[in-house]
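Trainee: Structure file start_7.txt (compact mmCIF, C-alpha atoms) is given on the next line.
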```
# COMPACT_ATOMS: atom_id res chain seq x y z
CA MET A 842 23.73 14.10 -42.36
CA GLY A 843 23.89 10.31 -42.16
CA THR A 844 23.73 10.42 -38.36
CA PHE A 845 20.74 12.76 -38.49
CA CYS A 846 18.86 10.48 -40.88
CA SER A 847 19.58 7.44 -38.71
CA VAL A 848 17.94 9.12 -35.72
CA ILE A 849 14.81 10.21 -37.57
CA LYS A 850 13.29 6.94 -38.70
CA PHE A 851 10.06 6.34 -40.54
CA GLU A 852 8.40 5.16 -37.33
CA ASN A 853 9.30 8.41 -35.59
CA LEU A 854 7.83 10.47 -38.41
CA GLN A 855 4.66 8.39 -38.24
CA GLU A 856 4.38 9.29 -34.56
CA LEU A 857 4.05 12.97 -35.54
CA LYS A 858 0.46 12.18 -36.50
CA ARG A 859 -0.31 12.13 -32.78
CA LEU A 860 -0.12 15.93 -32.88
CA CYS A 861 -3.13 16.06 -35.22
CA HIS A 862 -5.68 15.58 -32.44
CA TRP A 863 -7.75 17.97 -30.35
CA GLY A 864 -5.93 17.00 -27.13
CA PRO A 865 -2.36 17.97 -28.10
CA ILE A 866 -3.63 21.00 -30.04
CA ILE A 867 -5.40 22.38 -26.94
CA ALA A 868 -2.57 21.44 -24.55
CA LEU A 869 0.16 23.00 -26.70
CA SER A 870 -1.98 26.09 -27.31
CA VAL A 871 -2.38 26.65 -23.57
CA ILE A 872 1.37 26.20 -23.03
CA ALA A 873 2.16 28.61 -25.89
CA ILE A 874 -0.30 31.29 -24.73
CA CYS A 875 0.76 31.23 -21.07
CA SER A 876 4.49 31.11 -21.84
CA THR A 877 4.40 33.80 -24.53
CA MET A 878 2.22 36.20 -22.56
CA ALA A 879 4.33 35.71 -19.41
CA MET A 880 7.52 36.60 -21.31
CA ILE A 881 5.93 39.59 -23.07
CA ASP A 882 4.37 40.97 -19.88
CA SER A 883 7.58 40.47 -17.95
CA VAL A 884 9.92 42.09 -20.48
CA LEU A 885 7.70 44.99 -21.59
CA TRP A 886 5.70 46.00 -18.54
CA TYR A 887 6.76 44.34 -15.30
CA TRP A 888 10.39 43.22 -14.99
CA PRO A 889 12.66 44.51 -17.83
CA LEU A 890 15.70 42.50 -18.93
CA HIS A 891 18.18 45.23 -18.06
CA THR A 892 17.65 44.45 -14.35
CA THR A 893 19.23 41.43 -12.64
CA GLY A 894 15.88 40.22 -11.31
CA GLY A 895 14.30 40.61 -14.74
CA SER A 896 17.02 38.53 -16.39
CA VAL A 897 16.71 35.75 -13.79
CA ASN A 898 12.92 35.82 -14.09
CA PHE A 899 13.11 35.55 -17.90
CA ILE A 900 15.53 32.61 -17.72
CA MET A 901 13.19 30.85 -15.27
CA LEU A 902 10.24 31.32 -17.62
CA ILE A 903 12.21 29.80 -20.50
CA ASN A 904 13.34 26.98 -18.20
CA TRP A 905 9.75 26.13 -17.24
CA THR A 906 8.69 26.09 -20.88
CA VAL A 907 11.57 23.84 -21.99
CA MET A 908 11.10 21.32 -19.16
CA ILE A 909 7.31 21.20 -19.64
CA LEU A 910 7.61 20.62 -23.39
CA TYR A 911 10.43 18.09 -22.95
CA ASN A 912 8.40 15.88 -20.62
CA TYR A 913 5.22 16.41 -22.63
CA PHE A 914 6.79 15.25 -25.90
CA ASN A 915 8.61 12.45 -24.07
CA ALA A 916 5.30 11.16 -22.73
CA MET A 917 3.73 11.47 -26.18
CA PHE A 918 6.42 10.09 -28.49
CA VAL A 919 8.28 7.61 -26.26
CA GLY A 920 4.95 6.01 -25.47
CA PRO A 921 4.01 3.48 -22.81
CA GLY A 922 5.64 0.44 -24.38
CA PHE A 923 3.60 -2.32 -26.01
CA VAL A 924 3.51 -6.06 -25.43
CA PRO A 925 5.25 -7.69 -28.46
CA LEU A 926 2.82 -9.08 -31.01
CA GLY A 927 2.48 -12.83 -30.56
CA TRP A 928 3.97 -12.75 -27.04
CA LYS A 929 3.55 -15.79 -24.81
CA PRO A 930 4.96 -16.61 -21.37
CA GLU A 931 8.30 -18.38 -21.15
CA HIS A 932 6.68 -21.39 -19.47
CA SER A 933 3.68 -22.61 -21.45
CA GLN A 934 1.84 -23.71 -18.30
CA ASP A 935 1.70 -20.07 -17.16
CA SER A 936 -0.64 -19.23 -20.05
CA MET A 937 -3.54 -20.64 -18.01
CA TYR A 938 -3.24 -17.60 -15.74
CA LEU A 939 -3.32 -15.06 -18.57
CA GLN A 940 -5.97 -13.60 -20.85
CA TYR A 941 -5.52 -13.91 -24.60
CA CYS A 942 -5.85 -10.86 -26.86
CA LYS A 943 -7.34 -11.76 -30.25
CA VAL A 944 -6.37 -8.41 -31.75
CA CYS A 945 -2.65 -8.63 -30.86
CA GLN A 946 -2.62 -12.44 -31.22
CA ALA A 947 -0.75 -12.59 -27.93
CA TYR A 948 -1.25 -13.24 -24.24
CA LYS A 949 -1.67 -10.20 -22.03
CA ALA A 950 1.42 -9.91 -19.86
CA PRO A 951 0.90 -9.15 -16.15
CA ARG A 952 -0.29 -5.54 -15.62
CA SER A 953 -0.91 -5.05 -19.36
CA HIS A 954 -4.27 -4.19 -20.92
CA HIS A 955 -5.52 -3.72 -24.47
CA CYS A 956 -6.18 -0.12 -25.52
CA ARG A 957 -8.83 0.37 -28.18
CA LYS A 958 -7.37 3.72 -29.22
CA CYS A 959 -3.79 2.48 -29.63
CA ASN A 960 -5.06 -0.92 -30.83
CA ARG A 961 -2.27 -2.66 -28.88
CA CYS A 962 -1.75 -4.29 -25.51
CA VAL A 963 -0.04 -1.67 -23.33
CA MET A 964 2.57 -2.53 -20.69
CA LYS A 965 1.48 -1.49 -17.19
CA MET A 966 -1.36 0.53 -18.66
CA ASP A 967 -2.63 3.38 -16.47
CA HIS A 968 -5.01 5.08 -18.89
CA HIS A 969 -5.27 6.49 -22.41
CA CYS A 970 -4.72 10.23 -22.14
CA PRO A 971 -6.33 12.40 -24.84
CA TRP A 972 -4.04 15.34 -23.96
CA ILE A 973 -0.97 13.44 -25.19
CA ASN A 974 -3.02 11.30 -27.61
CA ASN A 975 -1.27 8.23 -26.26
CA CYS A 976 -1.41 5.81 -23.38
CA CYS A 977 0.29 6.39 -20.06
CA GLY A 978 2.11 3.25 -19.04
CA TYR A 979 5.39 1.50 -18.28
CA GLN A 980 7.87 3.60 -20.31
CA ASN A 981 6.33 7.09 -20.08
CA HIS A 982 4.73 7.10 -16.63
CA ALA A 983 7.60 9.12 -15.14
CA SER A 984 7.63 11.71 -17.96
CA PHE A 985 3.86 12.06 -17.81
CA THR A 986 3.91 12.59 -14.04
CA LEU A 987 6.74 15.13 -14.28
CA PHE A 988 4.70 17.01 -16.87
CA LEU A 989 1.77 17.06 -14.43
CA LEU A 990 4.11 18.52 -11.78
CA LEU A 991 5.92 21.10 -13.92
CA ALA A 992 2.84 22.46 -15.73
CA PRO A 993 1.15 23.78 -12.53
CA LEU A 994 4.47 25.15 -11.20
CA GLY A 995 5.10 27.00 -14.46
CA CYS A 996 1.53 28.30 -14.50
CA ILE A 997 1.85 29.58 -10.92
CA HIS A 998 4.94 31.56 -11.94
CA ALA A 999 3.14 32.87 -15.04
CA ALA A 1000 0.04 33.78 -13.00
CA PHE A 1001 2.23 35.81 -10.63
CA ILE A 1002 3.65 37.72 -13.61
CA PHE A 1003 0.15 38.38 -14.99
CA VAL A 1004 -1.21 39.64 -11.68
CA MET A 1005 1.79 41.89 -10.99
CA THR A 1006 1.75 43.27 -14.55
CA MET A 1007 -1.90 44.28 -14.30
CA TYR A 1008 -1.37 45.67 -10.81
CA THR A 1009 1.68 47.79 -11.65
CA GLN A 1010 0.23 49.05 -14.94
CA LEU A 1011 -3.21 49.90 -13.60
CA TYR A 1012 -2.33 51.18 -10.14
CA ASN A 1013 -1.56 54.74 -11.24
CA ARG A 1014 -4.43 54.81 -13.73
CA LEU A 1015 -7.18 54.25 -11.19
CA SER A 1016 -9.27 57.28 -10.26
CA PHE A 1017 -11.73 56.87 -7.41
CA GLY A 1018 -15.01 58.78 -7.34
CA TRP A 1019 -17.71 58.70 -4.69
CA ASN A 1020 -19.38 55.62 -6.14
CA THR A 1021 -17.25 54.59 -9.11
CA VAL A 1022 -13.78 53.46 -10.06
CA LYS A 1023 -12.49 54.57 -13.45
CA ILE A 1024 -9.49 53.26 -15.38
CA ASP A 1025 -7.68 55.49 -17.85
CA MET A 1026 -6.21 52.95 -20.30
CA SER A 1027 -4.64 55.67 -22.47
CA ALA A 1028 -2.27 56.85 -19.73
CA ALA A 1029 1.15 55.27 -19.54
CA ARG A 1030 2.69 56.18 -16.20
CA ARG A 1031 5.98 54.46 -16.05
CA ASP A 1032 9.49 55.77 -15.84
CA PRO A 1033 10.97 55.03 -18.31
CA LEU A 1034 7.96 54.66 -20.60
CA PRO A 1035 7.50 51.18 -22.14
CA VAL A 1036 8.17 50.75 -25.84
CA ILE A 1037 4.63 49.44 -26.26
CA PRO A 1038 1.92 50.98 -24.05
CA PHE A 1039 -0.15 48.65 -21.87
CA GLY A 1040 -3.46 49.19 -23.66
CA LEU A 1041 -6.85 47.54 -23.59
CA ALA A 1042 -5.77 44.69 -25.90
CA ALA A 1043 -2.78 43.88 -23.68
CA PHE A 1044 -4.98 43.97 -20.59
CA ALA A 1045 -7.53 41.58 -22.18
CA ALA A 1046 -4.80 39.19 -23.37
CA THR A 1047 -3.15 39.16 -19.94
CA LEU A 1048 -6.47 38.55 -18.20
CA PHE A 1049 -7.26 35.68 -20.59
CA ALA A 1050 -3.84 34.11 -20.03
CA LEU A 1051 -4.32 34.47 -16.26
CA GLY A 1052 -7.57 32.50 -16.51
CA LEU A 1053 -5.83 29.73 -18.48
CA ALA A 1054 -2.94 29.61 -16.01
CA LEU A 1055 -5.19 29.35 -12.95
CA GLY A 1056 -7.44 26.76 -14.59
CA THR A 1057 -4.45 24.66 -15.63
CA THR A 1058 -2.93 24.89 -12.15
CA ILE A 1059 -6.09 23.54 -10.52
CA ALA A 1060 -6.98 20.86 -13.10
CA VAL A 1061 -3.49 19.50 -13.79
CA GLY A 1062 -2.50 19.84 -10.13
CA MET A 1063 -5.36 17.54 -9.16
CA LEU A 1064 -4.25 15.00 -11.77
CA PHE A 1065 -0.70 15.13 -10.37
CA PHE A 1066 -2.01 14.45 -6.86
CA ILE A 1067 -3.98 11.43 -8.14
CA GLN A 1068 -0.99 10.05 -10.04
CA MET A 1069 1.39 10.41 -7.10
CA LYS A 1070 -1.13 8.72 -4.82
CA ILE A 1071 -1.18 5.57 -6.97
CA ILE A 1072 2.57 5.68 -7.75
CA LEU A 1073 3.41 5.61 -4.04
CA ARG A 1074 1.33 2.44 -3.82
CA ASN A 1075 2.91 1.06 -7.02
CA LYS A 1076 -0.46 0.82 -8.71
CA THR A 1077 -2.09 2.14 -11.85
CA SER A 1078 -5.58 3.62 -12.19
CA ILE A 1079 -6.80 0.36 -13.72
CA GLU A 1080 -5.24 -1.72 -10.94
CA SER A 1081 -6.88 0.46 -8.30
CA TRP A 1082 -10.21 -0.31 -9.94
CA ILE A 1083 -9.39 -4.05 -10.08
CA GLU A 1084 -8.55 -3.98 -6.36
CA GLU A 1085 -11.87 -2.29 -5.56
CA LYS A 1086 -13.76 -4.91 -7.57
CA ALA A 1087 -11.82 -7.69 -5.81
CA LYS A 1088 -12.95 -6.42 -2.42
CA ASP A 1089 -16.51 -6.07 -3.72
CA ARG A 1090 -16.46 -9.64 -5.08
CA ILE A 1091 -15.21 -11.04 -1.75
CA GLN A 1092 -17.83 -9.08 0.19
CA TYR A 1093 -20.65 -10.02 -2.23
CA TYR A 1094 -20.01 -13.76 -1.95
CA GLN A 1095 -18.88 -13.49 1.72
CA LEU A 1096 -15.68 -15.37 0.96
CA ASP A 1097 -13.10 -16.19 3.60
CA GLU A 1098 -10.18 -14.65 1.71
CA VAL A 1099 -8.23 -11.39 1.59
CA PHE A 1100 -6.96 -9.85 -1.63
CA VAL A 1101 -3.37 -8.60 -1.31
CA PHE A 1102 -2.07 -6.36 -4.07
CA PRO A 1103 1.08 -8.18 -5.25
CA TYR A 1104 3.16 -5.26 -6.55
CA ASP A 1105 3.17 -3.04 -3.44
CA MET A 1106 6.75 -3.25 -2.18
CA GLY A 1107 5.66 -2.26 1.34
CA SER A 1108 7.55 1.04 1.26
CA ARG A 1109 6.57 4.29 -0.47
CA TRP A 1110 10.20 4.95 -1.37
CA LYS A 1111 10.60 1.51 -2.97
CA ASN A 1112 7.33 2.01 -4.86
CA PHE A 1113 8.50 5.46 -5.97
CA LYS A 1114 11.74 3.99 -7.37
CA GLN A 1115 9.76 1.54 -9.51
CA VAL A 1116 8.73 4.53 -11.67
CA PHE A 1117 11.36 7.23 -11.11
CA THR A 1118 15.02 6.32 -11.62
CA TRP A 1119 18.19 8.40 -12.09
CA SER A 1120 18.74 6.88 -15.52
CA GLY A 1121 15.21 7.74 -16.63
CA VAL A 1122 14.59 4.09 -17.53
CA PRO A 1123 11.92 2.45 -15.34
CA GLU A 1124 12.61 -0.71 -13.38
CA GLY A 1125 12.03 -4.07 -15.07
CA ASP A 1126 11.24 -5.01 -18.66
CA GLY A 1127 7.50 -4.31 -18.62
CA LEU A 1128 6.63 -8.02 -18.76
CA GLU A 1129 7.77 -9.38 -15.39
CA TRP A 1130 7.57 -7.51 -12.09
CA PRO A 1131 8.97 -7.79 -8.57
CA ILE A 1132 6.31 -8.95 -6.13
CA ARG A 1133 5.88 -8.87 -2.37
CA GLU A 1134 6.37 -11.97 -0.25
CA GLY A 1135 3.51 -14.44 -0.21
CA CYS A 1136 2.17 -13.36 -3.62
CA HIS A 1137 2.16 -15.06 -6.99
CA GLN A 1138 3.57 -13.47 -10.18
CA TYR A 1139 0.09 -13.86 -11.64
CA SER A 1140 -1.97 -12.98 -8.55
CA LEU A 1141 -3.50 -9.93 -10.25
CA THR A 1142 -4.25 -11.69 -13.54
CA ILE A 1143 -5.88 -14.59 -11.66
CA GLU A 1144 -8.09 -12.05 -9.90
CA GLN A 1145 -8.99 -10.54 -13.28
CA LEU A 1146 -10.07 -13.96 -14.56
CA LYS A 1147 -12.27 -14.40 -11.48
CA GLN A 1148 -13.82 -10.98 -12.06
CA LYS A 1149 -14.41 -11.75 -15.72
CA ALA A 1150 -16.35 -14.88 -14.78
CA ASP A 1151 -18.19 -13.00 -12.03
CA LYS A 1152 -19.06 -10.24 -14.50
CA ARG A 1153 -21.30 -12.58 -16.48
CA VAL A 1154 -23.00 -13.90 -13.35
CA ARG A 1155 -23.75 -10.53 -11.76
CA SER A 1156 -24.53 -8.56 -14.91
CA VAL A 1157 -28.03 -7.15 -15.25
CA ARG A 1158 -29.94 -7.50 -18.51
CA TYR A 1159 -31.84 -4.42 -19.76
CA LYS A 1160 -34.21 -3.92 -22.67
CA VAL A 1161 -33.78 -0.74 -24.71
CA ILE A 1162 -36.97 1.39 -24.70
CA GLU A 1163 -35.65 4.33 -26.78
CA ASP A 1164 -33.34 4.68 -29.76
CA TYR A 1165 -29.88 6.09 -29.00
CA SER A 1166 -27.55 7.35 -31.72
CA GLY A 1167 -24.33 6.69 -29.80
CA ALA A 1168 -23.55 10.39 -29.51
CA CYS A 1169 -20.94 11.36 -26.92
CA CYS A 1170 -23.14 14.04 -25.32
CA PRO A 1171 -26.75 13.49 -26.44
CA LEU A 1172 -28.81 16.69 -26.28
CA ASN A 1173 -32.13 14.93 -26.81
CA LYS A 1174 -31.84 12.75 -23.66
CA GLY A 1175 -32.12 15.54 -21.14
CA ILE A 1176 -29.85 18.15 -19.62
CA LYS A 1177 -28.71 15.92 -16.73
CA THR A 1178 -27.70 13.11 -19.09
CA PHE A 1179 -25.86 15.62 -21.29
CA PHE A 1180 -23.84 17.15 -18.45
CA THR A 1181 -23.06 13.82 -16.75
CA SER A 1182 -21.59 12.22 -19.88
CA PRO A 1183 -18.49 10.15 -18.90
CA CYS A 1184 -15.22 11.98 -19.58
CA THR A 1185 -13.77 9.30 -21.85
CA GLU A 1186 -13.02 8.87 -25.55
CA GLU A 1187 -14.23 5.28 -25.50
CA PRO A 1188 -17.09 4.60 -27.94
CA ARG A 1189 -20.76 4.62 -26.99
CA ILE A 1190 -23.15 1.93 -28.20
CA ARG A 1191 -25.69 2.76 -30.87
CA LEU A 1192 -28.97 1.24 -29.69
CA ARG A 1193 -32.36 0.51 -31.20
CA LYS A 1194 -35.61 0.06 -29.36
CA GLY A 1195 -36.15 -3.59 -28.41
CA GLU A 1196 -32.46 -4.55 -28.26
CA PHE A 1197 -30.87 -5.94 -25.09
CA ILE A 1198 -27.75 -4.96 -23.18
CA LEU A 1199 -25.87 -6.65 -20.37
CA ALA A 1200 -24.81 -3.96 -17.85
CA THR A 1201 -21.82 -4.69 -15.64
CA ARG A 1202 -21.74 -1.38 -13.76
CA GLY A 1203 -23.29 2.02 -14.02
CA LEU A 1204 -23.56 5.64 -13.04
CA ARG A 1205 -26.83 7.44 -12.37
CA TYR A 1206 -27.54 8.23 -16.01
CA TRP A 1207 -25.08 5.96 -17.85
CA LEU A 1208 -24.45 2.21 -17.96
CA TYR A 1209 -21.31 0.25 -18.84
CA GLY A 1210 -21.58 -3.17 -20.36
CA ASP A 1211 -22.07 -5.37 -23.42
CA LYS A 1212 -24.60 -5.38 -26.22
CA ILE A 1213 -26.35 -8.69 -26.81
CA LEU A 1214 -26.38 -9.56 -30.49
CA ASP A 1215 -27.27 -13.01 -31.82
CA ASP A 1216 -26.37 -14.67 -28.51
CA SER A 1217 -22.88 -13.18 -28.61
CA PHE A 1218 -21.39 -10.12 -27.03
CA ILE A 1219 -19.78 -7.05 -28.53
CA GLU A 1220 -17.42 -5.48 -26.04
CA VAL A 1221 -18.08 -1.76 -25.63
CA ALA A 1222 -17.34 1.05 -23.22
CA SER A 1223 -20.53 2.79 -22.20
CA VAL A 1224 -24.20 3.21 -23.05
```
Take the structure in this file and express it as structure tokens.
Mentor:
Amino acid sequence: MGTFCSVIKFENLQELKRLCHWGPIIALSVIAICSTMAMIDSVLWYWPLHTTGGSVNFIMLINWTVMILYNYFNAMFVGPGFVPLGWKPEHSQDSMYLQYCKVCQAYKAPRSHHCRKCNRCVMKMDHHCPWINNCCGYQNHASFTLFLLLAPLGCIHAAFIFVMTMYTQLYNRLSFGWNTVKIDMSAARRDPLPVIPFGLAAFAATLFALGLALGTTIAVGMLFFIQMKIILRNKTSIESWIEEKAKDRIQYYQLDEVFVFPYDMGSRWKNFKQVFTWSGVPEGDGLEWPIREGCHQYSLTIEQLKQKADKRVRSVRYKVIEDYSGACCPLNKGIKTFFTSPCTEEPRIRLRKGEFILATRGLRYWLYGDKILDDSFIEVASV
């Protein structure tokens, strides 16, 4: 009992609050529906347990579910790792290369960024994921990526079970007329007969689960492809954006310089090993990183400081001509604005007619930037 209590600490119990969010609720619901329906369809109507193939199939379904949930909860509860509060570089002169976070009262370590949702500076921050209600970063990047791999694979297996169940159960019930196809859902033509007939409710549930499985395979599979693309270059989503802005800055000012990303080890395999290790513990300590030859430990943070200064110079000032409530998907601003709302949980700015904003970048119907208020700036996500 004492050992059990030592493992479950107060901090761990506090982390359970992450489950009380629409992201984990939807994600876990999809996993539960697909897994449960796949097992029910397989055992009752497609591949019974008394056959060797049925037993192997059932074990594989359980295996998918366990591995998916293990990596999902690992990504959620282990977390990305946070820069210690009050952190400063070992050598005080290095602080000139770093940005200072007023919220955490600490310098931002290389590759770290402050997350408004977590309210902490995150080590090697990739993004804040609403589906795990946590950030993806240094400590949980591998678990998160494995979840993105296993979820589509499990859904493909489940989708196969759904399709074969409907095919085998409906094949002998189809009656073809000259111009119509009829399905007799009351007939149960199977030898031996199933304990529970494959009725209309079972057909509807299986069809619904098939839709979820296919949708998850496509959506999560695309996210896995994106993550692997940046992992093999030893980057994060944020760092890819910083690199794009660096090239844009150099081109805009026609500078005679080339930005070299400092953390690319020059080999995909070496980059891969920075995230995935046999021990499950990522390389490094999350504060200092191996760099390629010819680069500085703070090359990326120096570039960020340049971009921050350039942001003020190149920002465009706009005057607000209509009130905006700050709604995530405003219905009263037109259908196109509603459907092109950025897919992010970051807050929108509430605006009043006559106010001014400083836009740093924008989409066709949305702008990103700062709100000008009494000659100072309030940092925001999008307007």
Trainee: Using all atoms listed in the file, list the residues that have an atom at most 10 Å from (-28.8, 9.9, -10.7), coordinates as in the file, as a ChimeraX atom specification.
Mentor: /A:1177-1178,1181,1204-1207
Trainee: Could you tell me how far atom CA of A:Ile1190 sits from atom CA of A:Leu939, in Å to one decimal place?
Mentor: 27.8 Å
Trainee: Between atom CA of A:Leu1128 and atom CA of A:Leu987, what is the distance, to one decimal in Å?
Mentor: 23.6 Å
Trainee: Measuring atom to atom with all atoms listed in the file, identify which of A:Arg859, A:Arg1153, A:Arg952, A:Arg957 is nearest to A:Pro1131.
Mentor: A:Arg952
Trainee: Restricting the calculation to all atoms listed in the file, which member of A:Tyr948, A:Phe1065, A:Tyr979, A:Trp863 is positioned closest to A:Val919?
Mentor: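 Using all atoms listed in the file, the shortest distance to A:Val919 belongs to A:Tyr979.
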Trainee: Of the residues A:Lys958, A:Lys1149, A:Lys1076, A:Arg1158, which is the one nearest to A:Cys976, using only C-alpha atoms?
Mentor: A:Lys958
Trainee: What's the separation between atom CA of A:Thr1077 and atom CA of A:Asp967, in Å to one decimal place?
Mentor: 4.8 Å
